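Student: Structure below; questions to follow.
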Amino acid sequence: MNLHPRIALLACALAMTAGAQTTAQDGFEGNLLSSEAPPGVWGYKVEQEPLNFFGTSAAAAKSGSFGLRNVDTTTGPKFVTANGLVLPVASDAGGSQHYERVWFRGSNHNLVSAAKVISMDLAPLGLPAAEVYFEARTLRLKYFNRFMAESTPFIATLDADGQWVLIELFVTGLGTDAGTVALSLDGQLRSFSQGINWGGERLSAFGLGNLFGQSNFTATLDFDDFGASR
Ligand SMILES: [Ca+2]
């Protein structure tokens with residue numbers, strides 16, 4: 001049976017709402033890391049470009065007083081995780097569904113390469129179940145199956161530089177050969193893929209920030225009101 005994508009997404013969203021357990025929320029009003037006092041929600045921070053600014057900032061607030069900002073000004077020849085926050089998920093046994101959302105705003109792009117801004121990562125494969133890249137005024141959805149085959153089912157062009165957009169990722173069927181990935185922007189379903197083979201895989205982590213890209217990439221990336229549930 002082929003469900004209409006909107007119906008499938010609605011079913012997915014309702015299923016998540018019905019049994020939803022909040023994995024994490026962060027409005028970036030306080031500490032970031034779980035090792036800090038009082039504790040934040042993130043397991044660790046990756047900073048391969050430590051000269052960049054990466055932290056909470058009033059200038060990055062969508063709501064409340066602060067948001068998360070990455071000002072990437074450094075350049076170099078390598079592909080790196082410039083500045084990222086990672087939330088490991090240790091208890092996922094597979095056969096499961098996950099939801100991740102964040103308000104995002106990108107500006108001051110130097111038109112060189114792109115940066116992964118949000119991801120849901122698989123184990124043991126180590127590649128993302130779903131990820132979104134920011135490149136100037138475009139957002140690109142990608143995913144990988146258990147055979148490391150990459151798909152790019154959707155590219156969105158934003159109306160303007162520096163525009164806030166609500167990014168929502170829905171993933172179901174982890175651990176099965178009937179996985180689905182859905183992307184919603186500003187509450188509108190924009191992409192739905194099904195029949196993804198994730199046999200033997202489970203969710204290992206949520207990621208946010210400037211997670212992977214060519215280090216010649218520079219831009220200002222703002223995030224607020226992160227949430228994840230299962
Ligand atoms: Ca905030």
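The way I read the labels, and the way they are meant: chains A, B, ... in the order of the structure tokens, residue 1 as the first residue of every chain, and ligand 1 as the first ligand shown, with later ones counted on from there.
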Given a cut-off of 6 Å, what residues near ligand 1 show up using only C-alpha atoms and all ligand atoms, put as a list of chain:residue names?
Tutor: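 Based on only C-alpha atoms and all ligand atoms, ligand 1 is surrounded within 6 Å by A:Gly27, A:Phe28, A:Glu29, A:Ala61, A:Lys62, A:Ser63, A:Gly64, A:Ser65, A:Phe66, A:Gly67, A:Asp224, A:Asp225.
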Student: Considering only C-alpha atoms, return as a ChimeraX atom specification whatever protein or nucleic-acid residues lie within 8 Å of region 38-51 of chain A, sequence-local ones (same chain, fewer than 6 positions apart) excluded.
Tutor: /A:24-26,30-32,74,80-88
Student: Since we have the selection now, will you write its residues out, keeping C-alpha atoms, as a JSON list (two decimals), in the first residue's frame?
Tutor:
[["chain", "number", "residue", "atom", "x", "y", "z"],
["A", 24, "ALA", "CA", 15.73, 16.44, 24.94],
["A", 25, "GLN", "CA", 14.82, 20.11, 24.63],
["A", 26, "ASP", "CA", 17.11, 23.14, 24.59],
["A", 30, "GLY", "CA", 21.59, 28.17, 30.00],
["A", 31, "ASN", "CA", 24.52, 25.75, 29.93],
["A", 32, "LEU", "CA", 24.99, 23.46, 26.93],
["A", 74, "THR", "CA", 38.19, 30.31, 9.69],
["A", 80, "VAL", "CA", 35.83, 19.02, 9.33],
["A", 81, "THR", "CA", 33.18, 19.14, 12.01],
["A", 82, "ALA", "CA", 33.89, 22.79, 12.65],
["A", 83, "ASN", "CA", 31.74, 23.31, 15.75],
["A", 84, "GLY", "CA", 29.07, 20.82, 16.77],
["A", 85, "LEU", "CA", 26.96, 19.66, 19.69],
["A", 86, "VAL", "CA", 26.29, 15.92, 20.01],
["A", 87, "LEU", "CA", 23.62, 14.20, 22.08],
["A", 88, "PRO", "CA", 24.39, 10.45, 22.25]]
Student: Which residues, written as a list of chain:residue names, have at least one atom at most 7 Å from Ala219 (chain A), with only C-alpha atoms counted and residues fewer than 3 positions away on the same chain left out?
Tutor: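 Near Ala219 (chain A), the qualifying residues are A:Val71, A:Asp72, A:Thr73, A:Ser107, A:Asn108, A:His109, A:Asn110.
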Student: Emit the selected residues as a compact mmCIF listing (two decimals), in the first residue's frame, including C-alpha atoms.
Tutor:
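Saved as selection.txt:
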# COMPACT_ATOMS: atom_id res chain seq x y z
CA VAL A 71 30.24 32.38 13.50
CA ASP A 72 32.51 30.45 11.16
CA THR A 73 35.28 32.77 9.96
CA SER A 107 23.54 34.28 6.87
CA ASN A 108 26.85 35.75 5.66
CA HIS A 109 27.61 32.68 3.54
CA ASN A 110 30.83 32.96 1.50
Student: Name all residues at most 6 Å from Asp222 (chain A) (count only C-alpha atoms; drop same-chain ones fewer than 4 positions away) and give them as a VMD selection string.
Tutor: chain A and resid 60 68 to 69 104 to 105
Student: Can you list every residue in region 2-223 of chain A that DSSP puts in helix (DSSP H, G or I), as a list in words?
Tutor: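 These are the residues in question: Pro5, Arg6, Ile7, Ala8, Leu9, Leu10, Ala11, Cys12, Ala13, Leu14, Ala15, Met16, Thr17, Ala18, Gly19, Ala58, Ala59 and Ala60 of chain A.
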Student: So which one's closest to Gly55 (chain A), A:Arg230, A:Ala90, A:Gly179, A:Asn70? Using only C-alpha atoms, please.
Tutor: A:Asn70
Student: Near Gly76 (chain A), within 9 Å and counting only C-alpha atoms, which residues show up once chain neighbours fewer than 4 positions away are dropped, as a PDB file with C-alpha atoms, in the first residue's frame?
Tutor:
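Saved the output as out-v8.pdb:
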ATOM      1  CA  GLN A 214      34.687  21.944   3.797  1.00  0.00           C
ATOM      2  CA  SER A 215      36.617  24.153   6.177  1.00  0.00           C
ATOM      3  CA  ASN A 216      36.750  26.924   3.544  1.00  0.00           C
ATOM      4  CA  PHE A 217      33.051  27.370   4.318  1.00  0.00           C
TER       5      PHE A 217
END
Student: Which of these, A:Val89, A:Ala115, A:Ala130, A:Leu211, has the shortest distance to Ser151 (chain A) once you count only C-alpha atoms?
Tutor: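 Nearest candidate to Ser151 (chain A) out of A:Val89, A:Ala115, A:Ala130, A:Leu211: A:Ala130.
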Student: Mind giving me the straight-line distance from CA of Thr157 (chain A) to CA of Ile196 (chain A) in Å, one decimal?
Tutor: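 Here the two named atoms are 25.2 Å from each other.
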Student: Of the candidates A:Ala160, A:Gln97, A:Val102, A:Ala149, which one gets nearest to Leu185 (chain A) if we count only C-alpha atoms?
Tutor: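 Smallest distance to Leu185 (chain A) is found for A:Val102.
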Student: Which residue out of A:Leu141, A:Ala178, A:Ala37, A:Ala59 has the minimum interatomic distance to Met120 (chain A) when only C-alpha atoms are used?
Tutor: A:Leu141
Student: What's the 7 Å shell around Glu168 (chain A), counting only C-alpha atoms, without same-chain residues fewer than 2 positions away, as a PyMOL selection string?
Tutor: chain A and resi 100-102+166+170+183-185
Student: Taking the chain letters and numbering used in this document, name the residues of region 7-157 of chain A that DSSP puts in strand (DSSP E), as a PyMOL selection string.
Tutor: chain A and resi 22-26+44-47+53-57+67-72+79-80+83-88+96-107+115-123+128-135+138-144+150-157
Student: Between CA of Glu36 (chain A) and CA of Leu169 (chain A), what distance in Å does the model show, to one decimal?
Tutor: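 Computing the Euclidean distance for CA of Glu36 (chain A) and CA of Leu169 (chain A) yields 28.0 Å.
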Student: If I take CA of Thr172 (chain A) and CA of Phe212 (chain A), how far is one from the other in Å, to one decimal?
Tutor: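 Those two atoms sit 23.8 Å apart.
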Student: Compile the contact shell of Asp159 (chain A) as a PyMOL selection string: residues with an atom at most 12 Å away, counting only C-alpha atoms, same-chain residues fewer than 6 positions apart removed.
Tutor: chain A and resi 105-106+136-139+165
Student: Which one of A:Phe154, A:Phe206, A:Phe79, A:Phe226 sits closest to Phe192 (chain A) if you count only C-alpha atoms?
Tutor: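 Using only C-alpha atoms, Phe192 (chain A) sits closest to A:Phe154.
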